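Engineer: My structure is in input-v3.cif, and what it holds is mmCIF, C-alpha atoms:
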data_query
#
loop_
_atom_site.label_atom_id
_atom_site.label_comp_id
_atom_site.auth_asym_id
_atom_site.auth_seq_id
_atom_site.Cartn_x
_atom_site.Cartn_y
_atom_site.Cartn_z
CA MET A 1 -112.04 18.08 14.48
CA ALA A 2 -108.35 18.60 14.36
CA ILE A 3 -106.52 17.91 17.59
CA PRO A 4 -103.69 20.36 18.16
CA ALA A 5 -100.32 18.67 18.54
CA ALA A 6 -98.99 18.92 22.06
CA ALA A 7 -95.72 20.82 22.37
CA PRO A 8 -92.95 18.62 23.80
CA ALA A 9 -92.17 19.32 27.42
CA PRO A 10 -88.91 21.31 27.78
CA ASP A 11 -87.29 18.42 29.69
CA ASN A 12 -88.10 16.00 26.91
CA TRP A 13 -86.80 18.42 24.30
CA SER A 14 -83.49 18.84 26.15
CA ALA A 15 -83.19 15.07 26.48
CA GLN A 16 -83.72 14.63 22.73
CA LEU A 17 -81.16 17.34 22.03
CA ARG A 18 -78.62 15.64 24.27
CA LYS A 19 -79.26 12.25 22.72
CA GLY A 20 -78.76 13.65 19.25
CA SER A 21 -75.42 15.21 20.14
CA LEU A 22 -73.92 12.36 22.17
CA ASP A 23 -72.15 10.69 19.26
CA LEU A 24 -70.37 13.91 18.39
CA ALA A 25 -69.46 14.59 22.02
CA ILE A 26 -67.97 11.10 22.37
CA LEU A 27 -66.02 11.30 19.10
CA ALA A 28 -64.75 14.76 20.07
CA SER A 29 -63.61 13.57 23.51
CA LEU A 30 -61.40 10.99 21.77
CA TRP A 31 -59.87 13.48 19.33
CA LYS A 32 -56.65 14.07 21.27
CA LYS A 33 -55.96 10.66 22.75
CA PRO A 34 -57.46 7.23 23.47
CA LEU A 35 -59.61 7.06 26.59
CA TYR A 36 -61.36 4.32 28.56
CA GLY A 37 -65.04 4.55 29.50
CA LEU A 38 -64.83 6.18 32.91
CA GLU A 39 -62.13 8.58 31.73
CA MET A 40 -64.43 9.60 28.87
CA LEU A 41 -67.32 10.24 31.25
CA ARG A 42 -65.10 12.42 33.43
CA SER A 43 -63.67 14.25 30.44
CA LEU A 44 -67.17 15.04 29.14
CA GLU A 45 -68.26 16.22 32.56
CA ASP A 46 -65.14 18.28 33.28
CA GLU A 47 -64.79 19.93 29.87
CA SER A 48 -68.41 20.48 28.94
CA ASN A 49 -70.47 19.78 32.04
CA LEU A 50 -72.16 17.09 29.96
CA SER A 51 -73.23 14.37 32.32
CA VAL A 52 -73.74 11.04 30.56
CA ALA A 53 -75.25 8.04 32.33
CA GLU A 54 -72.87 5.10 32.52
CA GLY A 55 -75.51 2.77 31.14
CA THR A 56 -75.89 5.01 28.09
CA LEU A 57 -72.21 5.36 27.22
CA TYR A 58 -71.13 1.75 26.77
CA PRO A 59 -73.78 0.63 24.25
CA ILE A 60 -72.98 3.75 22.19
CA LEU A 61 -69.26 2.98 22.29
CA ASN A 62 -70.00 -0.52 21.10
CA ARG A 63 -72.17 0.76 18.25
CA LEU A 64 -69.50 3.26 17.15
CA ARG A 65 -66.95 0.46 17.23
CA VAL A 66 -69.17 -1.80 15.11
CA GLU A 67 -69.64 1.07 12.65
CA GLY A 68 -65.87 1.27 12.31
CA LEU A 69 -65.55 4.73 13.84
CA LEU A 70 -63.71 3.50 16.94
CA GLU A 71 -61.17 0.83 17.76
CA SER A 72 -60.83 -0.69 21.19
CA GLU A 73 -57.99 -2.36 23.00
CA TRP A 74 -57.58 -3.86 26.46
CA VAL A 75 -54.57 -2.37 28.23
CA ASP A 76 -53.13 -3.39 31.59
CA SER A 77 -53.68 -0.34 33.78
CA GLY A 78 -51.02 -1.20 36.33
CA THR A 79 -53.66 -0.97 39.06
CA GLY A 80 -54.53 -4.64 39.06
CA HIS A 81 -57.15 -4.73 36.35
CA PRO A 82 -57.23 -4.06 32.59
CA ARG A 83 -58.94 -1.07 30.99
CA LYS A 84 -60.61 -1.01 27.62
CA TYR A 85 -59.31 1.98 25.68
CA TYR A 86 -61.10 3.46 22.70
CA LYS A 87 -59.51 5.46 19.93
CA LEU A 88 -60.75 7.07 16.72
CA THR A 89 -60.19 5.29 13.44
CA ASP A 90 -59.56 7.31 10.27
CA ALA A 91 -63.25 6.94 9.44
CA GLY A 92 -64.06 8.14 12.97
CA ARG A 93 -61.92 11.25 12.50
CA ARG A 94 -63.60 12.01 9.19
CA ARG A 95 -67.06 11.51 10.74
CA ALA A 96 -66.15 13.73 13.72
CA LYS A 97 -65.08 16.52 11.34
CA GLU A 98 -68.24 16.22 9.26
CA MET A 99 -70.46 16.24 12.32
CA SER A 100 -68.54 19.11 13.85
CA ARG A 101 -68.97 21.18 10.67
CA ALA A 102 -72.69 20.40 10.51
CA TRP A 103 -73.03 21.29 14.19
CA ALA A 104 -71.27 24.64 13.71
CA GLU A 105 -73.48 25.56 10.73
CA PHE A 106 -76.64 24.59 12.57
CA SER A 107 -75.53 26.43 15.67
CA ASP A 108 -74.85 29.62 13.67
CA LYS A 109 -78.31 29.46 12.13
CA MET A 110 -79.96 28.89 15.51
CA ASN A 111 -78.01 31.74 17.07
CA ALA A 112 -79.20 34.03 14.27
CA ILE A 113 -82.78 33.06 15.02
CA LEU A 114 -82.32 33.36 18.77
CA LYS A 115 -81.04 36.93 18.38
CA SER A 116 -84.61 37.99 17.66
CA ILE A 117 -85.73 36.83 21.10
CA GLY A 118 -82.61 38.08 22.83
CA MET A 119 -81.29 34.64 23.72
CA LYS A 120 -78.18 34.38 21.61
CA GLY A 121 -75.66 31.75 22.72
CA MET B 1 -54.24 0.37 43.63
CA THR B 2 -57.76 -1.00 43.42
CA MET B 3 -59.41 -1.67 46.74
CA THR B 4 -60.66 -5.20 47.34
CA PRO B 5 -64.40 -5.09 47.98
CA ASP B 6 -65.81 -6.70 51.11
CA VAL B 7 -67.85 -9.88 50.77
CA LYS B 8 -71.23 -8.13 50.68
CA THR B 9 -70.15 -5.58 48.05
CA ALA B 10 -68.46 -8.26 45.95
CA ASP B 11 -71.64 -10.30 46.12
CA THR B 12 -73.72 -7.31 44.96
CA ILE B 13 -71.40 -6.79 41.98
CA ASP B 14 -71.38 -10.48 41.09
CA ARG B 15 -75.16 -10.70 41.22
CA TYR B 16 -75.45 -7.64 38.94
CA LEU B 17 -73.00 -9.08 36.42
CA LEU B 18 -74.70 -12.48 36.53
CA ARG B 19 -78.07 -10.91 35.68
CA PHE B 20 -76.39 -8.86 32.94
CA ARG B 21 -74.74 -11.94 31.47
CA MET B 22 -78.02 -13.88 31.53
CA ALA B 23 -79.87 -11.00 29.87
CA LEU B 24 -77.26 -11.00 27.10
CA ALA B 25 -77.81 -14.68 26.31
CA GLY B 26 -77.18 -15.33 22.63
CA VAL B 27 -75.49 -11.98 21.99
CA LYS B 28 -72.18 -12.02 20.15
CA ASP B 29 -69.38 -10.47 22.23
CA LYS B 30 -71.37 -11.09 25.42
CA GLU B 31 -68.29 -11.79 27.54
CA GLU B 32 -66.58 -8.69 26.16
CA PHE B 33 -69.48 -6.53 27.34
CA VAL B 34 -69.54 -8.18 30.77
CA SER B 35 -65.77 -7.66 31.14
CA GLU B 36 -66.10 -4.01 30.23
CA ILE B 37 -68.88 -3.37 32.73
CA ARG B 38 -66.91 -5.25 35.41
CA SER B 39 -63.87 -3.11 34.62
CA HIS B 40 -65.99 0.03 34.90
CA ILE B 41 -67.33 -0.95 38.32
CA VAL B 42 -63.86 -1.87 39.60
CA GLU B 43 -62.53 1.43 38.26
CA ARG B 44 -65.17 3.31 40.23
CA LEU B 45 -63.99 1.59 43.40
CA GLU B 46 -60.69 3.47 43.14
CA ASP B 47 -62.41 6.47 44.63
CA HIS B 48 -61.20 6.10 48.20
CA THR B 49 -62.98 9.14 49.53
CA ARG B 50 -66.36 7.51 50.01
CA PRO B 51 -67.65 4.23 51.47
CA MET B 52 -67.36 1.38 48.99
CA GLU B 53 -70.97 0.33 49.47
CA GLN B 54 -72.15 3.80 48.46
CA ILE B 55 -69.93 3.86 45.37
CA VAL B 56 -71.23 0.50 44.20
CA GLU B 57 -74.81 1.57 44.80
CA GLU B 58 -74.33 4.75 42.75
CA THR B 59 -72.46 2.97 39.98
CA LEU B 60 -75.07 0.26 39.55
CA ALA B 61 -77.80 2.90 39.60
CA GLY B 62 -75.92 4.80 36.86
CA LEU B 63 -75.65 1.65 34.77
CA GLY B 64 -79.33 0.92 35.22
CA ALA B 65 -81.03 -2.43 35.67
CA PRO B 66 -78.89 -5.17 34.05
CA GLU B 67 -81.80 -6.26 31.85
CA VAL B 68 -82.28 -2.69 30.56
CA LEU B 69 -78.54 -2.30 29.93
CA ALA B 70 -78.51 -5.62 28.06
CA MET B 71 -81.51 -4.53 26.01
CA ARG B 72 -79.60 -1.42 24.89
CA TYR B 73 -76.78 -3.60 23.61
CA ARG B 74 -79.26 -5.98 21.98
CA THR B 75 -81.21 -3.16 20.33
CA GLU B 76 -78.05 -1.57 18.95
CA GLY B 77 -76.85 -4.94 17.63
CA LEU B 78 -80.18 -5.81 16.04
CA LEU B 79 -80.58 -2.40 14.41
CA GLU B 80 -77.02 -2.57 13.13
CA ARG B 81 -77.80 -5.86 11.36
CA ALA B 82 -81.27 -4.71 10.28
CA SER B 83 -79.95 -1.57 8.59
CA SER B 84 -78.41 -3.70 5.84
CA THR B 85 -80.74 -6.70 5.64
CA MET B 86 -83.62 -7.62 3.34
CA SER B 87 -84.90 -10.24 5.81
CA PRO B 88 -88.47 -9.38 6.86
CA VAL B 89 -88.12 -11.44 10.05
CA LEU B 90 -84.99 -9.59 11.19
CA LEU B 91 -86.53 -6.23 10.33
CA LEU B 92 -89.71 -7.06 12.24
CA ARG B 93 -87.68 -8.20 15.28
CA ALA B 94 -85.48 -5.11 15.20
CA THR B 95 -88.33 -2.63 14.81
CA MET B 96 -90.39 -4.42 17.47
CA ARG B 97 -87.52 -3.92 19.90
CA TRP B 98 -87.06 -0.33 18.73
CA ALA B 99 -90.81 0.25 19.19
CA MET B 100 -90.37 -0.40 22.91
CA THR B 101 -88.05 2.60 23.18
CA GLY B 102 -89.96 5.37 21.42
CA ILE B 103 -92.61 6.65 19.06
CA ARG B 104 -90.38 6.50 15.95
CA GLY B 105 -89.68 2.86 16.58
CA PHE B 106 -93.38 2.24 16.98
CA PHE B 107 -94.05 4.06 13.70
CA ALA B 108 -91.36 2.01 11.90
CA PHE B 109 -92.83 -1.23 13.23
CA TRP B 110 -96.37 -0.21 12.29
CA LEU B 111 -95.26 0.82 8.79
CA LEU B 112 -93.40 -2.44 8.28
CA PHE B 113 -96.38 -4.43 9.50
CA VAL B 114 -98.83 -2.58 7.22
CA GLY B 115 -96.45 -2.82 4.23
CA TYR B 116 -95.95 -6.57 4.60
CA PHE B 117 -99.63 -7.16 5.32
CA THR B 118 -100.56 -5.30 2.12
CA ALA B 119 -97.99 -7.29 0.15
CA ALA B 120 -99.42 -10.54 1.55
CA ALA B 121 -102.93 -9.43 0.51
CA PHE B 122 -101.70 -8.80 -3.06
CA TYR B 123 -100.04 -12.23 -3.21
CA ILE B 124 -103.13 -14.02 -1.90
CA CYS B 125 -105.34 -12.23 -4.45
CA ALA B 126 -102.88 -13.11 -7.24
CA ILE B 127 -102.98 -16.78 -6.26
CA LEU B 128 -106.79 -16.85 -5.95
CA LYS B 129 -107.48 -15.14 -9.28
CA PRO B 130 -107.06 -18.23 -11.51
CA PHE B 131 -109.40 -20.23 -9.25
CA PHE B 132 -112.08 -17.54 -8.81
CA PRO B 133 -111.76 -15.34 -11.89
CA ASP B 134 -115.15 -13.67 -11.31
CA ARG B 135 -114.61 -13.02 -7.63
CA VAL B 136 -111.08 -11.57 -7.49
CA GLY B 137 -109.84 -8.49 -9.30
CA LEU B 138 -109.82 -4.73 -9.63
CA TYR B 139 -113.43 -3.53 -9.57
CA TRP B 140 -114.61 -0.10 -10.56
CA GLY B 141 -118.31 0.46 -9.91
CA PRO B 142 -121.15 0.53 -10.01
CA ALA B 143 -121.49 -0.96 -6.53
CA THR B 144 -117.93 -2.12 -5.85
CA TYR B 145 -114.75 -0.09 -6.00
CA GLY B 146 -111.33 -1.42 -5.15
CA ILE B 147 -109.01 -4.34 -5.39
CA GLY B 148 -109.44 -7.70 -3.73
CA VAL B 149 -111.80 -10.62 -3.19
CA ARG B 150 -115.55 -10.12 -3.64
CA MET B 151 -117.39 -12.92 -1.88
CA GLU B 152 -121.00 -11.69 -1.90
CA GLY B 153 -123.48 -10.65 -4.57
CA ASP B 154 -123.32 -11.20 -8.29
CA PRO B 155 -119.94 -11.23 -9.86
CA ALA B 156 -119.21 -7.64 -10.77
CA PRO B 157 -119.30 -7.17 -14.52
CA ASN B 158 -116.65 -4.49 -14.65
CA GLU B 159 -113.48 -6.12 -13.38
CA LEU B 160 -110.82 -4.14 -15.18
CA LEU B 161 -107.73 -6.33 -15.46
CA GLY B 162 -108.94 -9.82 -16.29
CA MET B 163 -106.11 -12.36 -16.30
CA TRP B 164 -103.57 -9.55 -16.13
CA PHE B 165 -104.62 -9.14 -12.52
CA SER B 166 -102.33 -11.89 -11.15
CA PRO B 167 -99.02 -10.64 -12.59
CA ILE B 168 -99.91 -7.05 -11.70
CA ALA B 169 -100.85 -8.04 -8.13
CA LEU B 170 -97.61 -10.01 -7.78
CA ALA B 171 -95.62 -7.02 -9.02
CA LEU B 172 -97.45 -4.69 -6.62
CA GLY B 173 -96.77 -7.14 -3.75
CA CYS B 174 -93.05 -7.11 -4.60
CA LEU B 175 -93.06 -3.31 -4.80
CA CYS B 176 -94.74 -3.11 -1.38
CA ILE B 177 -92.11 -5.38 0.19
CA ILE B 178 -89.14 -3.68 -1.44
CA GLY B 179 -90.47 -0.16 -0.83
CA THR B 180 -91.38 -0.82 2.81
CA THR B 181 -88.09 -2.59 3.51
CA LYS B 182 -85.98 0.14 1.96
CA PHE B 183 -87.87 2.91 3.72
CA VAL B 184 -87.68 1.25 7.15
CA ARG B 185 -83.99 0.48 6.60
CA TRP B 186 -83.49 4.17 5.82
CA MET B 187 -85.33 5.07 9.05
CA ILE B 188 -83.07 2.70 11.00
CA SER B 189 -79.91 4.09 9.40
CA LYS B 190 -81.07 7.62 10.12
CA ARG B 191 -81.78 6.73 13.72
CA ARG B 192 -78.34 5.16 14.08
CA ARG B 193 -76.60 8.14 12.48
CA ALA B 194 -78.42 10.43 14.90
CA GLY B 195 -76.95 8.39 17.73
CA THR B 196 -80.24 7.90 19.50
CA VAL B 197 -79.94 5.78 22.54
CA SER B 198 -82.77 5.34 24.91
#
Give the structure from the file, written as structure tokens.

Structural biologist:
Amino acid sequence: MAIPAAAPAPDNWSAQLRKGSLDLAILASLWKKPLYGLEMLRSLEDESNLSVAEGTLYPILNRLRVEGLLESEWVDSGTGHPRKYYKLTDAGRRRAKEMSRAWAEFSDKMNAILKSIGMKG
Amino acid sequence: MTMTPDVKTADTIDRYLLRFRMALAGVKDKEEFVSEIRSHIVERLEDHTRPMEQIVEETLAGLGAPEVLAMRYRTEGLLERASSTMSPVLLLRATMRWAMTGIRGFFAFWLLFVGYFTAAAFYICAILKPFFPDRVGLYWGPATYGIGVRMEGDPAPNELLGMWFSPIALALGCLCIIGTTKFVRWMISKRRRAGTVS
């Protein structure tokens, strides 16, 4: 007898959606200027209300750096301790543009579908 | 200007970083990661509007248990190396760690395990064929169907491949290893491109 697949709980679905879009959000936050970790968290929260756990951000930053999408540099902050700033490499900028384009296309398609249930945007 | 933490708060931070450092044992760039997390905690202390003890408590909670945080770094590092390796050991280690974080990781580990196990079975059969030519092979009826070692009953008369069995089994073993490795590497690359972090 076939067992029907359980639908993912809405909370789990939102979490998966957020996870899948974190790379793009981080790359986008660095588009204008280099930022350090805490500054990035605040920027994401202020500009998009996207709250990212501190313990999630740093391993991602490290992975993006290893992939060659980001560069990092320790800078003396003038407040008594150094800060590690991240900035986009050329490859990072190209990846951010590609992801941004893919996101926009996907979003348009989803919005078209959502029109039918009156939940556009 | 950064506030200097009191003895108790400083001790809490030091103990957290010590556990983090220990959990990162053997990881390249370990000190770099510890320095960055220390910098993050110190940066948080610049918020002068709340008690320092509360800030530290919230910050450490946001970072998560040091062992879990270290595991995230380890997993990312292992998967990064595994996405371009042909080493079965490294792939098994990476997918085993990935399996602890979600169903896709578990599937990748299971697939890798089954693929390598099947390849090993082909190799063993290929090696045994010259020693037990009537007991190892590709059988097709009347009572036995399949590929492998037949230990009981009369030797089946209709073994199809004869002495071609060994080279074919070796080739199939190689195909299993290469196919499984490439597919799991693709899964890992896809996972990394998607930016999944547990």

Engineer: When you get a sec, could you note down which chain B residues fall within 12 Å of chain A, using all atoms listed in the file, as a PyMOL selection string?

Structural biologist: chain B and resi 1-4+20+28-30+32-47+58-81+83+102+189-198

Engineer: I need the residue set behind the PyMOL selection byres ((chain B and resi 122) around 7) for this file; please write it as a compact mmCIF listing (two decimals) with C-alpha atoms, keeping the file's coordinate frame.

Structural biologist:
# COMPACT_ATOMS: atom_id res chain seq x y z
CA THR B 118 -100.56 -5.30 2.12
CA ALA B 119 -97.99 -7.29 0.15
CA ALA B 120 -99.42 -10.54 1.55
CA ALA B 121 -102.93 -9.43 0.51
CA TYR B 123 -100.04 -12.23 -3.21
CA ILE B 124 -103.13 -14.02 -1.90
CA CYS B 125 -105.34 -12.23 -4.45
CA ALA B 126 -102.88 -13.11 -7.24
CA ALA B 169 -100.85 -8.04 -8.13
CA LEU B 170 -97.61 -10.01 -7.78
CA LEU B 172 -97.45 -4.69 -6.62
CA GLY B 173 -96.77 -7.14 -3.75

Engineer: State, in Å with one decimal place, the distance from atom CA of B:Cys176 to atom CA of B:Gly115.

Structural biologist: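 Calculated distance between atom CA of B:Cys176 and atom CA of B:Gly115 is 5.9 Å.
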
Engineer: When you count all atoms listed in the file, which of these residues is closest to A:Gly92: A:Lys115, A:Lys33, A:Leu69, A:Leu41?

Structural biologist: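 Closest to A:Gly92, using all atoms listed in the file: A:Leu69.
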
Engineer: Separation of atom CA of B:Tyr145 and atom CA of B:Pro133, in Å?

Structural biologist: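 So the two atoms, atom CA of B:Tyr145 and atom CA of B:Pro133, lie 16.6 Å apart.
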